[in-house]
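A.B. asks: First, the structure itself, so that you have it in front of you.
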Amino acid sequence: MIYVDTSVVLAELLGEDRIPQPAFWDEPLFSSRLLVYETWVRLNARNLVATHGDATDQLLSRVSLVELSPLVLERALTPFPVPVRTLDALHLATLDWLARSGRRPSVAVYDVRLRDAALALGFAPHPLAG
């Protein structure tokens with residue numbers, strides 16, 4: 001089980017130098033519902049919906065989404081082992097909820113701050129190309 005951060009999805013969609021191996025997308029992938037909003041906001045900001053919309057729908061359909069339930073949102077309000085940004089707190093709260101539900105995913109992330117915060121919570125990084 002792999003938790004996917006928005007940085008990985010955007011890297012794939014935007015053809016950045018660092019992207020996961022193609023087989024990565026066939027793994028059991030999870031993320032917060034926040035992933036959808038962050039991805040579409042970034043594509044809209046770059047006026048890329050017309051050219052990247054179908055690929056985005058296909059890629060996001062491979063990820064099982066965890067809703068921002070009251071339990072997840074409550075956890076985001078409490079302290080983390082390191083200072084975090086708001087959206088990172090929501091991702092970390094989702095990871096924490098998964099762990100409390102008996103699932104402990106590795107974390108696929110290119111964002112260094114989120115990676116460090118996930119490590120501080122005891123989540124293992126998922127090895128990524130790049």
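Identifiers in the structure tokens: chain A, B, ... in order shown; residue index from 1 per chain; ligand index from 1 in order shown.
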Which residues come within 8 Å of Ser7 of chain A, counting only C-alpha atoms, excluding same-chain residues fewer than 5 positions away, as an NGL selection string?
C.D. replies: :A and (109-111)
A.B. asks: Set the distance at 7 Å and use only C-alpha atoms: which residues neighbour segment 93-105 of chain A once local chain neighbours fewer than 3 positions away are removed? I'd like the list as a list in words.
C.D. replies: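 Once the adjacent positions are removed, what remains is Met1, Ile2, Tyr3, Ser32, Val72, Arg75, Ala76, Ala89 and Leu90 of chain A.
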A.B. asks: Hey, what does DSSP flag as strand (DSSP E) within chain A? Can you give it to me as an MDAnalysis selection string?
C.D. replies: chainID A and resid 2:4 29:32 63:66 106:108
A.B. asks: Pick out the closest residue to Asp54 of chain A from this set: A:Ala120, A:His91, A:Leu13, A:Thr86. Count only C-alpha atoms.
C.D. replies: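 Under the stated criterion, the closest residue is A:Leu13.
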A.B. asks: Which polymer residues have any atom within 12 Å of an atom of Pro20 of chain A, counting only C-alpha atoms, with same-chain residues fewer than 3 positions away left out, as a VMD selection string?
C.D. replies: chain A and resid 4 7 to 13 15 to 17 23 to 27 108 to 110 126 to 130
A.B. asks: Would you save the residues of that selection, restricted to N, CA and C atoms, as a PDB file, in the first residue's frame?
C.D. replies:
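What follows is the written file part-v3.pdb:
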```pdb
ATOM      1  N   VAL A   4       0.091   8.326  -1.998  1.00  0.00           N
ATOM      2  CA  VAL A   4       0.622   9.171  -3.072  1.00  0.00           C
ATOM      3  C   VAL A   4       0.354  10.636  -2.766  1.00  0.00           C
ATOM      4  N   SER A   7       2.661  15.910  -5.264  1.00  0.00           N
ATOM      5  CA  SER A   7       3.919  16.179  -5.966  1.00  0.00           C
ATOM      6  C   SER A   7       4.258  15.073  -6.960  1.00  0.00           C
ATOM      7  N   VAL A   8       3.896  13.845  -6.642  1.00  0.00           N
ATOM      8  CA  VAL A   8       4.175  12.710  -7.532  1.00  0.00           C
ATOM      9  C   VAL A   8       3.211  12.723  -8.724  1.00  0.00           C
ATOM     10  N   VAL A   9       1.953  12.990  -8.465  1.00  0.00           N
ATOM     11  CA  VAL A   9       0.962  13.051  -9.543  1.00  0.00           C
ATOM     12  C   VAL A   9       1.300  14.173 -10.517  1.00  0.00           C
ATOM     13  N   LEU A  10       1.620  15.347  -9.994  1.00  0.00           N
ATOM     14  CA  LEU A  10       1.951  16.469 -10.872  1.00  0.00           C
ATOM     15  C   LEU A  10       3.236  16.219 -11.654  1.00  0.00           C
ATOM     16  N   ALA A  11       4.211  15.592 -11.032  1.00  0.00           N
ATOM     17  CA  ALA A  11       5.446  15.269 -11.751  1.00  0.00           C
ATOM     18  C   ALA A  11       5.148  14.372 -12.948  1.00  0.00           C
ATOM     19  N   GLU A  12       4.288  13.395 -12.743  1.00  0.00           N
ATOM     20  CA  GLU A  12       3.912  12.477 -13.827  1.00  0.00           C
ATOM     21  C   GLU A  12       3.149  13.225 -14.923  1.00  0.00           C
ATOM     22  N   LEU A  13       2.152  13.993 -14.528  1.00  0.00           N
ATOM     23  CA  LEU A  13       1.317  14.691 -15.515  1.00  0.00           C
ATOM     24  C   LEU A  13       2.084  15.751 -16.295  1.00  0.00           C
ATOM     25  N   GLY A  15       5.332  15.757 -16.866  1.00  0.00           N
ATOM     26  CA  GLY A  15       6.525  15.224 -17.518  1.00  0.00           C
ATOM     27  C   GLY A  15       7.814  15.759 -16.937  1.00  0.00           C
ATOM     28  N   GLU A  16       7.870  15.888 -15.620  1.00  0.00           N
ATOM     29  CA  GLU A  16       9.087  16.382 -14.983  1.00  0.00           C
ATOM     30  C   GLU A  16      10.218  15.364 -15.111  1.00  0.00           C
ATOM     31  N   ASP A  17      11.401  15.785 -14.766  1.00  0.00           N
ATOM     32  CA  ASP A  17      12.574  14.913 -14.864  1.00  0.00           C
ATOM     33  C   ASP A  17      12.474  13.711 -13.935  1.00  0.00           C
ATOM     34  N   ALA A  23       5.385   0.933 -13.594  1.00  0.00           N
ATOM     35  CA  ALA A  23       4.740  -0.093 -12.759  1.00  0.00           C
ATOM     36  C   ALA A  23       4.196   0.485 -11.446  1.00  0.00           C
ATOM     37  N   PHE A  24       4.725   1.631 -11.031  1.00  0.00           N
ATOM     38  CA  PHE A  24       4.257   2.275  -9.807  1.00  0.00           C
ATOM     39  C   PHE A  24       2.740   2.475  -9.838  1.00  0.00           C
ATOM     40  N   TRP A  25       2.214   2.867 -10.980  1.00  0.00           N
ATOM     41  CA  TRP A  25       0.798   3.210 -11.100  1.00  0.00           C
ATOM     42  C   TRP A  25      -0.117   1.989 -11.076  1.00  0.00           C
ATOM     43  N   ASP A  26       0.470   0.791 -11.097  1.00  0.00           N
ATOM     44  CA  ASP A  26      -0.312  -0.441 -10.985  1.00  0.00           C
ATOM     45  C   ASP A  26      -0.362  -0.962  -9.550  1.00  0.00           C
ATOM     46  N   GLU A  27       0.345  -0.310  -8.643  1.00  0.00           N
ATOM     47  CA  GLU A  27       0.362  -0.688  -7.226  1.00  0.00           C
ATOM     48  C   GLU A  27      -0.942  -0.231  -6.556  1.00  0.00           C
ATOM     49  N   ALA A 108       4.858   7.927  -1.077  1.00  0.00           N
ATOM     50  CA  ALA A 108       5.480   8.372  -2.327  1.00  0.00           C
ATOM     51  C   ALA A 108       5.330   9.878  -2.396  1.00  0.00           C
ATOM     52  N   VAL A 109       6.464  10.578  -2.303  1.00  0.00           N
ATOM     53  CA  VAL A 109       6.428  12.035  -2.228  1.00  0.00           C
ATOM     54  C   VAL A 109       7.742  12.604  -2.752  1.00  0.00           C
ATOM     55  N   TYR A 110       7.649  13.714  -3.477  1.00  0.00           N
ATOM     56  CA  TYR A 110       8.835  14.464  -3.885  1.00  0.00           C
ATOM     57  C   TYR A 110       9.006  15.718  -3.029  1.00  0.00           C
ATOM     58  N   HIS A 126       8.493   5.675   0.089  1.00  0.00           N
ATOM     59  CA  HIS A 126       8.461   4.708  -1.018  1.00  0.00           C
ATOM     60  C   HIS A 126       9.537   5.126  -2.006  1.00  0.00           C
ATOM     61  N   PRO A 127      10.392   4.196  -2.434  1.00  0.00           N
ATOM     62  CA  PRO A 127      11.442   4.579  -3.377  1.00  0.00           C
ATOM     63  C   PRO A 127      10.855   5.009  -4.733  1.00  0.00           C
ATOM     64  N   LEU A 128      11.286   6.160  -5.190  1.00  0.00           N
ATOM     65  CA  LEU A 128      10.831   6.714  -6.465  1.00  0.00           C
ATOM     66  C   LEU A 128      12.035   7.011  -7.348  1.00  0.00           C
ATOM     67  N   ALA A 129      11.823   6.926  -8.651  1.00  0.00           N
ATOM     68  CA  ALA A 129      12.864   7.338  -9.590  1.00  0.00           C
ATOM     69  C   ALA A 129      13.023   8.845  -9.492  1.00  0.00           C
ATOM     70  N   GLY A 130      14.217   9.332  -9.728  1.00  0.00           N
ATOM     71  CA  GLY A 130      14.441  10.775  -9.724  1.00  0.00           C
ATOM     72  C   GLY A 130      14.586  11.266  -8.356  1.00  0.00           C
TER      73      GLY A 130
END
```
A.B. asks: Rounded to one decimal in Å, what is the spacing between atom CA of Glu38 of chain A and atom CA of Thr6 of chain A?
C.D. replies: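 Taking atom CA of Glu38 of chain A as the start and atom CA of Thr6 of chain A as the end point, the length is 6.7 Å.
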